[in-house]
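S.K.: Can you read through this structure? Questions will come right after.
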Amino acid sequence: MAKGLRLISERLNTVDLVVEVRDARIPLSSVNPNFEKVVGRKPRLVIYNKFDLACPNTKQPLMDAFAKHTPHTPVLFTSCLKDSNIRDILTYAATLADPIPHINLMIVGMPNVGKSSLINSLRRVGVGKGKAAQTGAQPGVTRTVVGTVKVLEDPAIYLIDTPGVMVPHIADPIKSLKVAVTGGIRDHLANEQVMVDYILYELNRRHAYDYCSWYRLPDQQPTNDIDLLLHSVARRIGAVVKGGHLDLTMAAKFFLKQFRLGKLGRYTLDDVSPAALDTFFDQMKLYNGTSSRVKQSDPMAISRRQEKKLAKLAWRKEQQKKHQLGARRLQPADTDDE
Ligand SMILES: Nc1nc2c(ncn2[C@@H]2O[C@H](COP(=O)(O)OP(=O)(O)OP(=O)(O)O)[C@@H](O)[C@H]2O)c(=O)[nH]1
């Protein structure tokens with residue numbers, strides 16, 4: 001994480017446009033606040049990738065929020081699998097070509113959001129060339145800066161690939177579950193059955209009950225019981241181990257994969273209501289230093305302020321003491337003078 005941020009900041013001065021890739025299924029949770037501090041006010045294009053897996057209704061509220069809070073930051077919704085809207089990225093980057101003779105783009109984002117896939121899509125669409133970056137279903141495939149790759153001839157546009165940058169510790173357990181179910185955390189670090197339980201909760205909350213018939217749940221009725229679901233899934237896919245027992249881990253892995261492939265439907269797991277988006281943008285402004293408000297949510301910021309305040313108080317007290325001491329020292333002389 002620290003290495004990733006360091007690599008980004010080292011290359012930043014050679015970059016004309018930062019292309020920040022986010023996962024459209026978790027448009028708020030796939031943002032790394034530390035990254036805001038590093039990239040700050042550099043020209044940026046925000047990409048909501050994997051839009052083919054996200055709820056289509058979330059596009060408009062997100063666009064409205066961008067127009068309201070950061071009107072100079074363009075935002076695009078892409079799918080690297082279908083190369084949809086990829087040309088729009090090149091078209092936007094090309095607008096920077098005057099006066100810059102060739103444009104350097106840097107692709108950044110959390111693990112597994114599709115950075116490498118985007119590089120390959122851009123090359124396919126821009127210069128008709130094949131794979132330049134390795135992709136993978138598990139996070140952390142992009143490890144080092146691959147170098148620069150040309151994605152358009154005229155005007156010349158180059159790309160730098162960077163490793164995914166992950167928040168070191170996501171304090172909010174729901175946020176970390178969202179990142180995990182969308183593939184942002186390596187599966188062996190997150191419990192599959194817990195992830196499936198969360199997906200089940202989200203499906204039920206949305207009354208998305210198709211799973212009941214697909215996996216032949218008893219009486220095709222929705223359930224909150226993860227065991228019941230996993231037993232039905234295991235039976236349906238024939239996940240049986242020695243002795244005829246059902247393999248619930250295999251069932252959980254299967255269900256998770258179905259969700260990630262969009263087979264259970266298109267879902268956006270973050271709240272994109274106007275109020276939630278206002279809060280999100282306000283927080284981001286605090287991180288990248290474009291807000292005049294005090295950073296209440298960051299205890300470090302408060303303690304630093306308090307530290308300064310205390311230092312000021314201590315200095316004043318010191319001055320007062322010196323003053324009093326000086327006054328006391330002067331007193332006898334004054335008396336002498338009398
Ligand atoms: N459905 C869908 N899948 C995508 C899309 N973009 C990428 N993927 C898949 O998501 C997975 C991760 O893609 P990568 O391009 O390797 O992601 P990355 O951000 O480079 O990942 P790291 O190397 O972990 O940083 C792969 O299985 C891709 O096929 C998309 O737009 N839609």
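Scheme for the structure tokens: letters A, B, ... for chains in order shown; per-chain residue numbers from 1; ligand numbers from 1 in order shown.
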Can you tell me which residues surround Ile226 in chain A at a distance of at most 8 Å, considering only C-alpha atoms, apart from same-chain residues fewer than 5 positions away, and format the answer as an mmCIF file with C-alpha atoms, in the first residue's frame?

M.R.:
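Generated file (around_7.cif):
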```cif
data_model
loop_
_atom_site.group_PDB
_atom_site.id
_atom_site.type_symbol
_atom_site.label_atom_id
_atom_site.label_comp_id
_atom_site.auth_asym_id
_atom_site.auth_seq_id
_atom_site.Cartn_x
_atom_site.Cartn_y
_atom_site.Cartn_z
ATOM 1 C CA GLN A 193 -19.477 -18.233 3.911
ATOM 2 C CA VAL A 196 -22.222 -15.314 0.888
ATOM 3 C CA ASP A 197 -24.218 -14.441 4.001
ATOM 4 C CA LEU A 200 -27.887 -13.188 0.747
#
```

S.K.: Counting only C-alpha atoms, what is within 7 Å of Arg266 in chain A, bar same-chain residues fewer than 2 positions away, as a PyMOL selection string?

M.R.: chain A and resi 53-55+262

S.K.: Keeping only N, CA and C atoms, write those residues as a compact mmCIF listing (two decimals), in the first residue's frame.

M.R.:
```
# COMPACT_ATOMS: atom_id res chain seq x y z
N LEU A 53 -21.78 -4.94 -14.42
CA LEU A 53 -22.18 -5.72 -13.24
C LEU A 53 -22.94 -4.87 -12.22
N ALA A 54 -22.95 -3.55 -12.43
CA ALA A 54 -23.56 -2.65 -11.44
C ALA A 54 -24.99 -2.32 -11.81
N CYS A 55 -25.73 -1.81 -10.84
CA CYS A 55 -27.13 -1.44 -11.07
C CYS A 55 -27.16 -0.21 -12.00
N GLY A 262 -22.05 -11.69 -12.21
CA GLY A 262 -23.30 -11.00 -12.54
C GLY A 262 -24.44 -11.95 -12.85
```

S.K.: Between CA of Asn120 in chain A and CA of Leu189 in chain A, what is the distance, to one decimal in Å?

M.R.: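 For CA of Asn120 in chain A relative to CA of Leu189 in chain A, the distance reads 28.2 Å.
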
S.K.: From the set A:Asp16, A:Asp227, A:Asp187, A:Asp23, which residue has the shortest atom-to-atom contact distance to ligand 1, counting only C-alpha atoms and all ligand atoms?

M.R.: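 Ranked by minimum distance to ligand 1, first place goes to A:Asp23.
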
S.K.: Mind checking which residues fall within 10 Å of Asp83 in chain A, counting only C-alpha atoms, ignoring those fewer than 3 positions away in the same chain, and posting them as a PyMOL selection string?

M.R.: chain A and resi 78-80+86-87+117-118+120-122+124-125

S.K.: Go through A:Ile119, A:Ile103, A:Cys212, A:Ala65 one by one, measure the shortest atom-to-atom distance of each to ligand 1 using only C-alpha atoms and all ligand atoms, and give the residue with the smallest value.

M.R.: A:Ile119

S.K.: So which bits of range 7-212 of chain A end up alpha helix (DSSP H) when you DSSP the backbone, as a tab-separated table (two decimals) with C-alpha atoms, in the first residue's frame?

M.R.:
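Contents of out.tsv, freshly written:
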```
chain	number	residue	atom	x	y	z
A	7	LEU	CA	5.31	4.77	-6.87
A	8	ILE	CA	2.34	6.87	-7.85
A	9	SER	CA	3.68	10.05	-6.29
A	10	GLU	CA	7.14	9.48	-7.87
A	11	ARG	CA	5.62	9.30	-11.35
A	33	PRO	CA	-8.85	8.25	0.86
A	34	ASN	CA	-5.04	8.10	1.14
A	35	PHE	CA	-4.88	8.24	-2.60
A	36	GLU	CA	-6.75	11.58	-2.46
A	37	LYS	CA	-3.90	13.06	-0.44
A	38	VAL	CA	-1.31	11.92	-2.99
A	39	VAL	CA	-3.11	12.83	-6.19
A	59	LYS	CA	-25.29	6.17	-13.01
A	60	GLN	CA	-27.45	9.31	-12.90
A	61	PRO	CA	-27.16	10.04	-9.15
A	62	LEU	CA	-23.39	9.62	-9.39
A	63	MET	CA	-23.17	11.94	-12.38
A	64	ASP	CA	-25.35	14.51	-10.60
A	65	ALA	CA	-23.13	14.37	-7.53
A	66	PHE	CA	-19.99	14.87	-9.62
A	67	ALA	CA	-21.59	17.83	-11.40
A	68	LYS	CA	-22.50	19.33	-8.03
A	69	HIS	CA	-19.28	18.70	-6.09
A	86	ILE	CA	-13.41	3.04	-23.80
A	87	ARG	CA	-13.12	5.34	-26.81
A	88	ASP	CA	-14.59	8.17	-24.68
A	89	ILE	CA	-11.50	7.97	-22.44
A	90	LEU	CA	-9.22	8.48	-25.45
A	91	THR	CA	-11.42	11.26	-26.80
A	92	TYR	CA	-11.25	13.08	-23.49
A	93	ALA	CA	-7.48	12.57	-23.12
A	94	ALA	CA	-6.97	13.83	-26.69
A	115	LYS	CA	-6.81	-1.40	-14.22
A	116	SER	CA	-4.92	-3.93	-16.36
A	117	SER	CA	-8.09	-4.80	-18.29
A	118	LEU	CA	-8.55	-1.10	-18.98
A	119	ILE	CA	-5.02	-0.79	-20.33
A	120	ASN	CA	-5.67	-3.73	-22.64
A	121	SER	CA	-9.03	-2.28	-23.72
A	122	LEU	CA	-7.47	1.10	-24.43
A	123	ARG	CA	-4.78	-0.52	-26.57
A	124	ARG	CA	-7.33	-2.64	-28.40
A	125	VAL	CA	-9.58	0.33	-29.13
A	126	GLY	CA	-6.85	2.94	-29.64
A	127	VAL	CA	-4.10	1.19	-31.61
A	173	PRO	CA	-16.76	-4.12	8.60
A	174	ILE	CA	-19.57	-3.62	6.05
A	175	LYS	CA	-17.24	-1.70	3.77
A	176	SER	CA	-14.63	-4.44	3.98
A	177	LEU	CA	-17.33	-7.03	3.17
A	178	LYS	CA	-18.31	-5.04	0.09
A	179	VAL	CA	-14.69	-4.88	-1.04
A	180	ALA	CA	-14.31	-8.61	-0.37
A	181	VAL	CA	-17.44	-9.79	-2.22
A	192	GLU	CA	-16.47	-17.30	1.81
A	193	GLN	CA	-19.48	-18.23	3.91
A	194	VAL	CA	-19.51	-14.82	5.58
A	195	MET	CA	-19.31	-13.20	2.13
A	196	VAL	CA	-22.22	-15.31	0.89
A	197	ASP	CA	-24.22	-14.44	4.00
A	198	TYR	CA	-23.73	-10.78	3.15
A	199	ILE	CA	-24.79	-11.31	-0.47
A	200	LEU	CA	-27.89	-13.19	0.75
A	201	TYR	CA	-28.75	-10.26	3.00
A	202	GLU	CA	-28.36	-7.82	0.08
A	203	LEU	CA	-30.48	-10.00	-2.24
A	204	ASN	CA	-33.28	-10.27	0.32
A	205	ARG	CA	-33.14	-6.55	1.06
A	210	ASP	CA	-34.66	-15.57	-8.09
A	211	TYR	CA	-32.12	-17.57	-6.14
A	212	CYS	CA	-35.01	-19.47	-4.47
```

S.K.: Of the candidates A:Gly289, A:Pro274, A:Gly147, A:Gly265, which shows the shortest atom-to-atom distance to Asp52 in chain A, using only C-alpha atoms?

M.R.: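 Smallest distance to Asp52 in chain A is found for A:Gly265.
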
S.K.: List the neighbours of Lys150 in chain A out to 8 Å using only C-alpha atoms; skip same-chain residues closer than 2 positions along the sequence, and give me the result as a PyMOL selection string.

M.R.: chain A and resi 123+127+148+152-153+156-159

S.K.: One decimal, Å: what's the distance from CA of Asp172 in chain A over to CA of Thr268 in chain A, could you say?

M.R.: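 So the answer is 17.6 Å.
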